[in-house]
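**Student:** Before I ask anything, let me first share the structure, which is written out below as structure tokens.
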Amino acid sequence: FYKIDTKIIQQETFRRYVRTALENVPKEWINRTHLKTFGIPFLDVSIREIHFPRITVDAKKVIEEMTYRTSPYWKRIKFDELAGQQIILKGIKKSIDDEKVLVLLDEKQLSEKLLASLSFTLTDAQQKVWSEVKTDLQNGYPTHRLIQGDVGCGKTVIAGMALALALGSGVQAAIMAPSEILANQLFTQFEKWFTPLGIKIIFLSGGLSAKKKIKAIEEIKSGETVVVVGTHALIQKEVRFPNLGLSIIDEQHRFGIEQRALLREDCPHILGMSATPIPRSLAMTFLADLNISTVTGSPPNRKTIVTKLVSAGRKDEILERIKVFIRNGGQAFWVCPMINETTDSTRALNALVSTEGWLKENLPYSISVLHGKMTSEEKLRSMTEFRDKKTRVLLATTVIEVGVDVPEAGLIIIENSERFGLAQLHQLRGRVGRGETEATCILLYEEGLTEEAKMRLKILYETCDGFKIAKRDLEIRGPGEILGTRQAGDVELEFSDLTNDVELVKTVVKFVNKIYDGDKDGEQFYKSPYAPAFVLLRERWKSRKFLLEGT
């Protein structure tokens, strides 16, 4: 229903304009057989009924169906919206798949040498995903794959093997991390793996000194076969890769469609990694232009994490738990809300400084501090001191959310946990449980929680399954928030609900895939009677949001 301001336009005048507009409704594009199969009405009927619903017997039911978009007529509109999105993304994917690019054969067998040198064996899930990635890199077509999995499932080793395969094929390779802390940790890990194999590795980030940055950029420009680990500094204008064969981008799925296309321009093979599982309905819609591999389960050494909900009024009791844990050789994280938002930075920084003073006053142990206002050198120093066990407690903000791996850290306390999102809390919890003993996550909360905050904390308390958490997160926040800032060029869903319309999503995806990939008789898309309709539908939905031309 439209909400109109009767001071600007009278309701009857508005209704007259709507009736006039309905004289030119879009043409039907689905044949009668499919309409019956899908259980949806004609498009023109649906549009007219939504604007001027007929009240026959149960007026309350009709109003509810229209308000909550559950009527057959709304189902039809959702069907077209989902189909339009699928057609656009399927077209992008098809254009990628039709290209011919460099085949990475790993003549030096560096990926196999790396695998043989590891102190652990890949899980079945890791082997399966590595096989998918290796096939992509060696089939002569562009790789555009996202590797997803739960916290600590073992994605980094797959990335390492892909980088080694690229170097073994005589090309440059790069991996871009979302933060300098994670980039440094990846560099340290890859350096341990690659140095014995004779693979040169370079680090590049905005925090480097001018001298080191210039040296790194010159080495990259020389075309020397190297692995480059860095942050977004890798995509600055002055950084030129003359021989780039593979890019691995952490959280790459958070880029919009247009940004993902720009990334493809300079590199034939792109791998993305997601630190959190992506709900299937979200993957089938917004990420339909990507191939997705899932690392299920966790490596055998991952330990159970016990989650406890504790009122902030009991912080003194938590201090005693920390003391016992450290006396037994452990280390602990204490996490405060992040402080790099300009609107709240002063208050948040004051709160962190206050917590630091309180911990130092009450704990007889050294403490490292890590937050977004520190320089790159300060962050690295704090993280290194904690990793080397020179300090026993790391007081940090959410800068440690992704990738930080300190096996001896088996206890994490998250202050003001009600202020964090579900996925964020799950990621922070995943910083522990990487050592030999079971781990504990304590969620401190203030009294007077909202119902939504209670629900989030309850979900975290009840499960450590990232896939279940991701599904609930989708229900609470929606796809735009989960994928990050909505990017210009993305086709957003205005009518469909990925939580309640899961079955409809599956139906539409199956239908569009069948048309594009050919039916049982091998009829290809361009020969299909639906081809003109698909073009029409694609343009209809494309006009709602600017999208890449020529895709």
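We name chains A, B, ... following the order of the structure tokens; residues begin at 1 in each chain, and ligands are numbered from 1 as shown.
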Region 74-87 of chain A: which residues within 10 Å, counting only C-alpha atoms, same-chain residues fewer than 4 positions away excluded, as a PyMOL selection string?

**Tutor:** chain A and resi 29-30+35+38-43+45-47+49-50+65-70+91-93+284-289+490-497+501+504-509+511-513+515-516+534-542

**Student:** Per DSSP on the backbone, what are the alpha helix (DSSP H) residues of region 95-233 of chain A, as a PyMOL selection string?

**Tutor:** chain A and resi 95-97+110-117+124-138+156-168+180-194+210-221

**Student:** Run DSSP on the backbone and tell me which residues of region 134-197 of chain A come out as strand (DSSP E or B); list them as a tab-separated table (two decimals) with C-alpha atoms, in the first residue's frame.

**Tutor:**
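Contents of states_3.tsv, as written:
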```tsv
chain	number	residue	atom	x	y	z
A	143	THR	CA	38.83	-18.69	-11.64
A	144	HIS	CA	36.16	-16.78	-9.74
A	145	ARG	CA	35.57	-18.84	-6.63
A	146	LEU	CA	34.71	-18.03	-3.03
A	147	ILE	CA	36.01	-20.33	-0.28
A	148	GLN	CA	33.81	-20.23	2.79
A	149	GLY	CA	33.70	-22.11	6.06
A	172	GLN	CA	53.19	-13.57	-9.56
A	173	ALA	CA	50.55	-14.09	-6.87
A	174	ALA	CA	49.04	-11.78	-4.27
A	175	ILE	CA	46.82	-12.10	-1.22
A	176	MET	CA	44.99	-9.08	0.19
```

**Student:** Using only C-alpha atoms, which protein or nucleic acid residues come within 9 Å of region 153-167 of chain A? Drop anything in the same chain fewer than 6 positions from it, and give the result as a ChimeraX atom specification.

**Tutor:** /A:104-115,122-123,126-127,129-130,133-134,137,147,173-175,186,190,193-194,199,225-227,245-248,271,273-275,295-299,302

**Student:** Take the residues that were just selected and, keeping C-alpha atoms, output them as a compact mmCIF listing (two decimals), in the first residue's frame.

**Tutor:**
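Below is the file that was written, result32.txt:
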```txt
# COMPACT_ATOMS: atom_id res chain seq x y z
CA LEU A 104 48.55 -22.68 -14.20
CA LEU A 105 50.19 -26.11 -14.45
CA ASP A 106 52.64 -25.78 -11.54
CA GLU A 107 55.57 -27.21 -13.49
CA LYS A 108 57.78 -26.83 -10.41
CA GLN A 109 55.23 -28.79 -8.31
CA LEU A 110 55.50 -26.25 -5.49
CA SER A 111 51.96 -26.92 -4.27
CA GLU A 112 52.73 -30.63 -3.89
CA LYS A 113 56.00 -29.84 -2.15
CA LEU A 114 54.18 -27.55 0.27
CA LEU A 115 51.59 -30.23 0.98
CA LEU A 122 44.37 -32.07 5.17
CA THR A 123 40.86 -33.04 6.21
CA GLN A 126 39.99 -29.39 2.73
CA GLN A 127 41.10 -31.92 0.11
CA VAL A 129 37.97 -27.77 -1.80
CA TRP A 130 41.63 -27.83 -2.86
CA VAL A 133 40.44 -24.75 -6.67
CA LYS A 134 43.22 -26.64 -8.48
CA LEU A 137 43.37 -22.85 -12.00
CA ILE A 147 36.01 -20.33 -0.28
CA ALA A 173 50.55 -14.09 -6.87
CA ALA A 174 49.04 -11.78 -4.27
CA ILE A 175 46.82 -12.10 -1.22
CA LEU A 186 49.43 -14.27 7.02
CA PHE A 190 53.41 -18.06 4.62
CA TRP A 193 55.83 -22.42 4.66
CA PHE A 194 57.40 -20.80 1.59
CA ILE A 199 59.58 -18.94 -2.70
CA THR A 225 58.03 -14.29 -9.49
CA VAL A 226 56.98 -13.54 -5.92
CA VAL A 227 54.10 -13.86 -3.48
CA GLY A 245 48.41 -14.77 -12.29
CA LEU A 246 46.44 -15.19 -9.05
CA SER A 247 44.80 -12.85 -6.54
CA ILE A 248 43.36 -14.07 -3.26
CA LEU A 271 39.92 -16.56 -5.16
CA MET A 273 37.76 -16.19 1.23
CA SER A 274 34.93 -15.67 3.68
CA ALA A 275 35.65 -15.76 7.40
CA VAL A 295 35.17 -26.20 3.97
CA THR A 296 32.92 -28.13 6.32
CA GLY A 297 33.88 -29.20 9.82
CA SER A 298 37.12 -28.27 11.57
CA PRO A 299 40.64 -29.70 11.79
CA ARG A 302 40.16 -27.60 17.17
```

**Student:** What's the 7 Å shell around region 424-439 of chain A, counting only C-alpha atoms, without same-chain residues fewer than 2 positions away, as a ChimeraX atom specification?

**Tutor:** /A:151-152,302-306,401-402,404-405,407-412,420-422,441
